[in-house]
Amino acid sequence: MGEQQQLEEMLPFLSLTSRPDVRATALQYLLGVTASKNSAEFFLKNKVFIEKILSLTEDSEASIAKDSYLCLINLTAYGKFCKVLLEDYDPVPKFVHTVTNPESEFADSACMILSNITREESGAQKVLDSLVKGDIGLAKVVEVFCHEGYNKKGKQLHYIGPMLSNLTQLREARQFILDHDRCVVQRLLPFTQYQGSVIRRGGIVGALKNCCFETAHHEWLLSDDVDILPFLMLPLAGPEEIAEDEMEQLPDELQYLGEDKQREEEPNIRQMLLETLLQLCATKHGRKTLRDKHIYYILRELHTWESQPGLKQAVENVVQILISDEPEDVNNLNEVQIPEGVQKQLDQLQREEQQ
Amino acid sequence: MSKSTPIPKVGPSTLNAPGKMAASKEEKIREMIEKMDKDLDEWVESRPKREPDKEAWTEDNWEEEMKKHPAFCSEPPEDIDDAEKYPAWAALQAIKYDEDDTPEEKALQYKDEGNYYFKLKLYKKATIAYTIGLQQKCQKPEVNAILLTNRAAAHFHLGNNRTALGDVTKAKELKPDHVKALNRGALCCMELKQFADAVTWCDELLRLTPENKTIQQLRAKADKLKRAQEKDRRKAQAQEKKQKAQHNRLLQAIKSRGIQLQMPDSRDSSDEDDVAESMDRLQLASLEASFPSTGAKVCLDESNCLVWPVMFMYPEYMQTDFIQEFHEESRLADHLDAMFGSERAPWDVEGKYKSHNIEVYFEETSKSKLHKVTPETILKDILSDPRYKVLAGTPSFILLPKACRFTEEYLRKAADASVS
């Protein structure tokens, strides 16, 4: 294979001792390779290149370090590559340091890599373990995320959002975010309306959705200590005028939003928000709170406005639970046993609907 | 219960009763006393004479002097460092604050002094002590951070929340992890109703003490209040907008009918540029009820018709009637019938004012000229008359009885006064 040979010939040029311009050119070629399909296979077979790229992230030439980070961003899009990277090179502490270093030019790139790495559960576990063991914990990462302007080089660190979302697929991370003795989830809530970045917004909504699977925490999440509901509802609320008597029943945050109020424009985020509400409906207390706060008015307007059929359905799912009678002796709907036959019928119905 | 052993009672020791002394002995004693008095006087006289003390307070100046003396004064003097003027102060300070002390030592001493006053709740004095402490220009930022934070606390207790916030903000710059400063900052912001800032201060505190329940609760409270405050602001905005829209609809309705408005104090405003530009503003203002006691103001009803407050004036008896709601489609006659149909007005001593016997006029203000209107006209048509100007948001009419001497006279006078 010609390319293999070509690449191998380039190897000497990729060392830190080679001429910088040659090194830069060689790396740029390599970057092109990482962007092509199935390139991860090549690197997994020729691990020496991985080592080269990792070492070049420390290059004194900023453009070279930048390109090597880009290579890693491309490559970590492949789950298989991530596994090997994590197993063989333990790169997490380095990336975490880069993210939390306020002077780093590559903080955003490191964020993206961590976000990629944590997509699969095993990767998330590795990163979380590394955070727990290391000198920089998850608390610091959240801190950095919430601190706007933390990075002095103007790096926005939005990709910590998806990283948190990925990490919360682990129970341990959810427990950290839902720690009643700390103020973590409260600080993340405002970002559901962060207009500056859809990445950040989506990441946080994803993390919140994951956390709402912890039904034991629903009461706390909906209490005044956290008050999650308005933060989930605001992105779903639009500019429509709601009758005054109805509006007065809504939480303060959802009143008088004005005609320039915009709904969350990203359908995926709307979807996640609705799924989060559905999760909150799993507990009796959750359903009661959602009813008492009259979020139905917001969902009604959303339903009228929503053009995507799947999302319209998602709104209906929530509304259906809110308007139906409380089932007797069932506190947590997630724990309801569905008879096998009924489940089969339901699956059949859903398939038909999708078609 | 343990008991201490009782202390034996102690009484006056018994003395032998005095007997009578011989007379000669008594005399001897008197002589001795007299001699001693004399000796003492001589000795005093023999002492060198001293000049009267210049520092001593005289009957004239004691009040003033007392004010200057640190033992008696109620407030330290402004120019306390003037040692010549206040020797006693300088002496006291020399005891407490040695010249040889470093600025840091002095700053700390003033801090202690401030803390002492603070404990006694003498907050004003405490702020002065901390201020002098800061003036020592101590090189250690921690010391100054403490002085600033303590001064902020004193100011906070005096209700000077803004000053206190300024102090802790400076303290935070000097020492970012000074928990007391951050705490005070959060409290100041709460008092100042700057809830978003209070949340920020709490967040910084929680970074240092992540599990501090009190701060967590404070943050939750601040956050909640912040959102309530934002809602109130949005609500006020929405209401203002709604009112403005209503006003605009009203103005539009008035304009489309060709009705002219005039401010009560401005004469005919025919300055074209001015009118064009300030028309809306003028009109808004000119619609404000000029009879605030009645609260009546022109408004639009559901069918988009104007309803005006209207004034009827009866110059013969110097009387007026105020009609709160005069629908623009109503005729003058409708109201006259209602008012003068069956009942007689109390002031109408001659019984002349019957609905069929009343003439209605309006005044063309620019020319001070009266124009007669037939009672069958509807209000809308009268107001649209180019000669009519609605003054102070309230159309008014002059009502006179037909074929009457007063009317003739009144009309003649009006004609004389009118500008042609």
# chains A, B, ... in the order shown; residues from 1 in each chain; ligands from 1

$ closest_atom_pairs --of "chain A" --to "chain B" --cutoff "6 Å" --atoms "only C-alpha atoms" --output "Markdown table"
| residue | atom | partner | partner_atom | distance |
| --- | --- | --- | --- | --- |
| A:Asp181 | CA | B:Glu211 | CA | 5.3 |
| A:Arg182 | CA | B:Glu211 | CA | 5.2 |
| A:Asp225 | CA | B:Ala220 | CA | 5.9 |
| A:Asp252 | CA | B:Ala228 | CA | 5.7 |
| A:Glu253 | CA | B:Arg227 | CA | 5.9 |
| A:Tyr256 | CA | B:Lys235 | CA | 5.5 |

$ write_last_selection --atoms "N, CA and C atoms" --output "short mmCIF file (atom, residue, chain, number, x, y, z; two decimals), in the first residue's frame"
data_model
loop_
_atom_site.label_atom_id
_atom_site.label_comp_id
_atom_site.auth_asym_id
_atom_site.auth_seq_id
_atom_site.Cartn_x
_atom_site.Cartn_y
_atom_site.Cartn_z
N ASP A 181 -25.26 18.45 49.31
CA ASP A 181 -24.42 19.25 50.19
C ASP A 181 -23.56 20.24 49.41
N ARG A 182 -23.66 20.20 48.11
CA ARG A 182 -22.89 21.13 47.30
C ARG A 182 -23.84 21.85 46.36
N ASP A 225 -34.75 24.53 46.76
CA ASP A 225 -33.30 24.43 46.81
C ASP A 225 -32.68 24.42 45.42
N ASP A 252 -42.68 32.45 38.34
CA ASP A 252 -42.26 33.82 38.01
C ASP A 252 -41.45 33.90 36.71
N GLU A 253 -40.54 32.96 36.57
CA GLU A 253 -39.61 33.02 35.44
C GLU A 253 -40.32 32.91 34.11
N TYR A 256 -44.71 36.94 31.61
CA TYR A 256 -44.41 38.18 30.87
C TYR A 256 -43.12 38.06 30.06
#

$ residues_around --residues "A:Asp227" --least-positions-apart "5" --cutoff "10 Å" --atoms "only C-alpha atoms" --output "VMD selection string"
(chain A and resid 186 189 219 to 222 232) or (chain B and resid 220 223 to 224)

$ atom_distance --atom1 "atom CA of B:Ser396" --atom2 "atom CA of B:Met313"
7.3 Å

$ closest_residue --among "A:Arg119, A:Lys261, A:Lys293, A:His218" --to "A:Cys281" --atoms "only C-alpha atoms"
A:His218

$ select_by_dssp --residues "stretch 150-386 of chain B" --states "strand (DSSP E)" --output "PDB file with C-alpha atoms, in the first residue's frame"
ATOM      1  CA  GLN B 260     -57.766  69.001  16.987  1.00  0.00           C
ATOM      2  CA  LEU B 261     -56.352  69.061  20.457  1.00  0.00           C
ATOM      3  CA  GLN B 262     -54.833  71.884  22.348  1.00  0.00           C
ATOM      4  CA  CYS B 299     -61.427  56.602  25.774  1.00  0.00           C
ATOM      5  CA  LEU B 300     -62.379  54.122  23.100  1.00  0.00           C
ATOM      6  CA  LEU B 306     -64.779  57.707  21.351  1.00  0.00           C
ATOM      7  CA  VAL B 307     -66.363  58.556  24.655  1.00  0.00           C
ATOM      8  CA  TRP B 308     -65.524  62.045  25.883  1.00  0.00           C
ATOM      9  CA  PRO B 309     -65.846  63.887  29.125  1.00  0.00           C
ATOM     10  CA  VAL B 310     -67.797  67.049  28.299  1.00  0.00           C
ATOM     11  CA  MET B 311     -68.296  70.342  30.098  1.00  0.00           C
ATOM     12  CA  PHE B 312     -71.493  72.427  29.867  1.00  0.00           C
ATOM     13  CA  MET B 313     -71.122  76.001  31.019  1.00  0.00           C
ATOM     14  CA  TYR B 314     -73.935  78.370  32.017  1.00  0.00           C
ATOM     15  CA  GLN B 319     -72.557  77.247  36.770  1.00  0.00           C
ATOM     16  CA  THR B 320     -71.120  74.186  35.048  1.00  0.00           C
ATOM     17  CA  ASP B 321     -72.128  70.609  34.473  1.00  0.00           C
ATOM     18  CA  PHE B 322     -69.613  67.864  33.894  1.00  0.00           C
ATOM     19  CA  ILE B 323     -70.679  64.892  31.827  1.00  0.00           C
ATOM     20  CA  GLN B 324     -68.294  62.024  32.459  1.00  0.00           C
ATOM     21  CA  GLU B 325     -69.199  59.920  29.452  1.00  0.00           C
ATOM     22  CA  PHE B 326     -70.473  61.610  26.350  1.00  0.00           C
ATOM     23  CA  HIS B 327     -70.598  59.104  23.501  1.00  0.00           C
ATOM     24  CA  ILE B 358     -81.433  76.242  25.291  1.00  0.00           C
ATOM     25  CA  GLU B 359     -78.993  77.452  22.665  1.00  0.00           C
ATOM     26  CA  VAL B 360     -75.606  75.794  22.462  1.00  0.00           C
ATOM     27  CA  TYR B 361     -72.399  77.552  21.424  1.00  0.00           C
ATOM     28  CA  PHE B 362     -68.761  76.624  21.230  1.00  0.00           C
ATOM     29  CA  GLU B 363     -65.858  78.989  21.260  1.00  0.00           C
ATOM     30  CA  GLU B 364     -63.335  79.152  18.468  1.00  0.00           C
ATOM     31  CA  LYS B 369     -65.496  83.735  18.582  1.00  0.00           C
ATOM     32  CA  LEU B 370     -68.700  81.929  19.488  1.00  0.00           C
ATOM     33  CA  HIS B 371     -70.359  79.558  17.039  1.00  0.00           C
ATOM     34  CA  LYS B 372     -73.873  78.260  17.452  1.00  0.00           C
ATOM     35  CA  VAL B 373     -74.556  74.539  17.047  1.00  0.00           C
TER      36      VAL B 373
END

$ residues_around --residues "A:Glu259" --least-positions-apart "2" --cutoff "12 Å" --atoms "only C-alpha atoms" --output "ChimeraX atom specification"
/A:237-242,255-257,261-263 /B:234,237-238,241-242

$ write_last_selection --atoms "N, CA and C atoms" --output "PDB file, in the first residue's frame"
ATOM      1  N   ALA A 237     -40.738  27.841  26.147  1.00  0.00           N
ATOM      2  CA  ALA A 237     -41.752  28.896  26.129  1.00  0.00           C
ATOM      3  C   ALA A 237     -41.490  29.840  24.959  1.00  0.00           C
ATOM      4  N   GLY A 238     -42.580  30.300  24.369  1.00  0.00           N
ATOM      5  CA  GLY A 238     -42.461  31.155  23.196  1.00  0.00           C
ATOM      6  C   GLY A 238     -43.014  32.538  23.440  1.00  0.00           C
ATOM      7  N   PRO A 239     -43.179  33.292  22.352  1.00  0.00           N
ATOM      8  CA  PRO A 239     -43.617  34.678  22.493  1.00  0.00           C
ATOM      9  C   PRO A 239     -45.129  34.843  22.602  1.00  0.00           C
ATOM     10  N   GLU A 240     -45.873  33.750  22.476  1.00  0.00           N
ATOM     11  CA  GLU A 240     -47.329  33.886  22.456  1.00  0.00           C
ATOM     12  C   GLU A 240     -47.843  34.508  23.749  1.00  0.00           C
ATOM     13  N   GLU A 241     -48.859  35.325  23.586  1.00  0.00           N
ATOM     14  CA  GLU A 241     -49.434  35.943  24.771  1.00  0.00           C
ATOM     15  C   GLU A 241     -50.335  34.934  25.478  1.00  0.00           C
ATOM     16  N   ILE A 242     -50.120  34.785  26.754  1.00  0.00           N
ATOM     17  CA  ILE A 242     -50.955  33.881  27.539  1.00  0.00           C
ATOM     18  C   ILE A 242     -51.881  34.748  28.372  1.00  0.00           C
ATOM     19  N   GLN A 255     -43.348  34.136  33.388  1.00  0.00           N
ATOM     20  CA  GLN A 255     -44.367  35.162  33.180  1.00  0.00           C
ATOM     21  C   GLN A 255     -43.831  36.349  32.384  1.00  0.00           C
ATOM     22  N   TYR A 256     -44.714  36.940  31.607  1.00  0.00           N
ATOM     23  CA  TYR A 256     -44.413  38.177  30.866  1.00  0.00           C
ATOM     24  C   TYR A 256     -43.117  38.059  30.064  1.00  0.00           C
ATOM     25  N   LEU A 257     -43.026  37.024  29.264  1.00  0.00           N
ATOM     26  CA  LEU A 257     -41.771  36.821  28.541  1.00  0.00           C
ATOM     27  C   LEU A 257     -41.644  37.752  27.342  1.00  0.00           C
ATOM     28  N   LYS A 261     -39.561  36.713  22.803  1.00  0.00           N
ATOM     29  CA  LYS A 261     -39.061  35.460  23.383  1.00  0.00           C
ATOM     30  C   LYS A 261     -38.917  34.411  22.285  1.00  0.00           C
ATOM     31  N   GLN A 262     -37.745  33.793  22.270  1.00  0.00           N
ATOM     32  CA  GLN A 262     -37.467  32.768  21.267  1.00  0.00           C
ATOM     33  C   GLN A 262     -37.485  31.394  21.925  1.00  0.00           C
ATOM     34  N   ARG A 263     -38.020  30.423  21.189  1.00  0.00           N
ATOM     35  CA  ARG A 263     -37.931  29.045  21.692  1.00  0.00           C
ATOM     36  C   ARG A 263     -36.573  28.472  21.332  1.00  0.00           C
TER      37      ARG A 263
ATOM     38  N   ARG B 234     -40.191  42.650  33.798  1.00  0.00           N
ATOM     39  CA  ARG B 234     -40.868  42.291  32.545  1.00  0.00           C
ATOM     40  C   ARG B 234     -42.333  42.688  32.579  1.00  0.00           C
ATOM     41  N   GLN B 237     -42.736  46.326  32.121  1.00  0.00           N
ATOM     42  CA  GLN B 237     -42.500  46.646  30.712  1.00  0.00           C
ATOM     43  C   GLN B 237     -43.721  46.308  29.866  1.00  0.00           C
ATOM     44  N   ALA B 238     -44.259  45.118  30.116  1.00  0.00           N
ATOM     45  CA  ALA B 238     -45.411  44.668  29.334  1.00  0.00           C
ATOM     46  C   ALA B 238     -46.585  45.611  29.525  1.00  0.00           C
ATOM     47  N   LYS B 241     -46.034  48.846  27.740  1.00  0.00           N
ATOM     48  CA  LYS B 241     -46.221  48.658  26.301  1.00  0.00           C
ATOM     49  C   LYS B 241     -47.706  48.638  25.946  1.00  0.00           C
ATOM     50  N   LYS B 242     -48.452  47.932  26.784  1.00  0.00           N
ATOM     51  CA  LYS B 242     -49.875  47.799  26.541  1.00  0.00           C
ATOM     52  C   LYS B 242     -50.554  49.171  26.609  1.00  0.00           C
TER      53      LYS B 242
END

$ closest_residue --among "A:Val99, A:Gln175, A:Asn166, A:Asp245" --to "A:Gly206" --atoms "only C-alpha atoms"
A:Asn166

$ residues_around --residues "A:Asn334" --least-positions-apart "5" --cutoff "9 Å" --atoms "only C-alpha atoms" --output "ChimeraX atom specification"
/A:215,279,282-283

$ residues_around --residues "B:Glu104" --least-positions-apart "6" --cutoff "9 Å" --atoms "only C-alpha atoms" --output "list in words"
Gly133, Gln136, Lys137, Cys138, Gln139, Lys140 and Val143 of chain B

$ closest_residue --among "B:Lys121, B:Lys255, B:Arg405, B:Arg249" --to "B:Asp301" --atoms "only C-alpha atoms"
B:Arg249

$ atom_distance --atom1 "atom CA of A:Leu54" --atom2 "atom CA of A:Leu85"
10.0 Å

$ closest_residue --among "B:Glu27, B:Glu45, B:Asp60, B:Glu316" --to "B:Lys352" --atoms "only C-alpha atoms"
B:Glu316

$ atom_distance --atom1 "atom CA of A:Arg291" --atom2 "atom CA of A:Gln308"
25.0 Å

$ select_by_dssp --residues "stretch 18-91 of chain A" --states "helix (DSSP H, G or I)" --output "PyMOL selection string"
chain A and resi 20-35+39-45+47-56+62-75+79-89

$ residues_around --residues "A:Asp129" --least-positions-apart "5" --cutoff "12 Å" --atoms "only C-alpha atoms" --output "PyMOL selection string"
chain A and resi 86+90+92-93+118+122-124+134-138+167+170+172-173

$ write_last_selection --atoms "C-alpha atoms" --output "PDB file, in the first residue's frame"
ATOM      1  CA  LEU A  86      -6.960   5.465  26.976  1.00  0.00           C
ATOM      2  CA  ASP A  90      -3.301   7.533  29.849  1.00  0.00           C
ATOM      3  CA  VAL A  92      -6.592  12.173  30.453  1.00  0.00           C
ATOM      4  CA  PRO A  93      -4.573  14.046  33.116  1.00  0.00           C
ATOM      5  CA  THR A 118     -16.351  10.169  27.094  1.00  0.00           C
ATOM      6  CA  SER A 122     -16.007   2.785  29.233  1.00  0.00           C
ATOM      7  CA  GLY A 123     -14.275   5.979  28.157  1.00  0.00           C
ATOM      8  CA  ALA A 124     -16.443   8.060  30.474  1.00  0.00           C
ATOM      9  CA  GLY A 134      -6.104  13.241  40.030  1.00  0.00           C
ATOM     10  CA  ASP A 135      -5.359  16.609  41.536  1.00  0.00           C
ATOM     11  CA  ILE A 136      -8.050  18.276  39.452  1.00  0.00           C
ATOM     12  CA  GLY A 137     -11.475  16.941  40.297  1.00  0.00           C
ATOM     13  CA  LEU A 138     -14.837  17.140  38.613  1.00  0.00           C
ATOM     14  CA  LEU A 167     -20.070  11.677  32.105  1.00  0.00           C
ATOM     15  CA  LEU A 170     -22.391   7.139  34.926  1.00  0.00           C
ATOM     16  CA  GLU A 172     -21.177   8.261  40.059  1.00  0.00           C
ATOM     17  CA  ALA A 173     -21.111  11.464  38.022  1.00  0.00           C
TER      18      ALA A 173
END
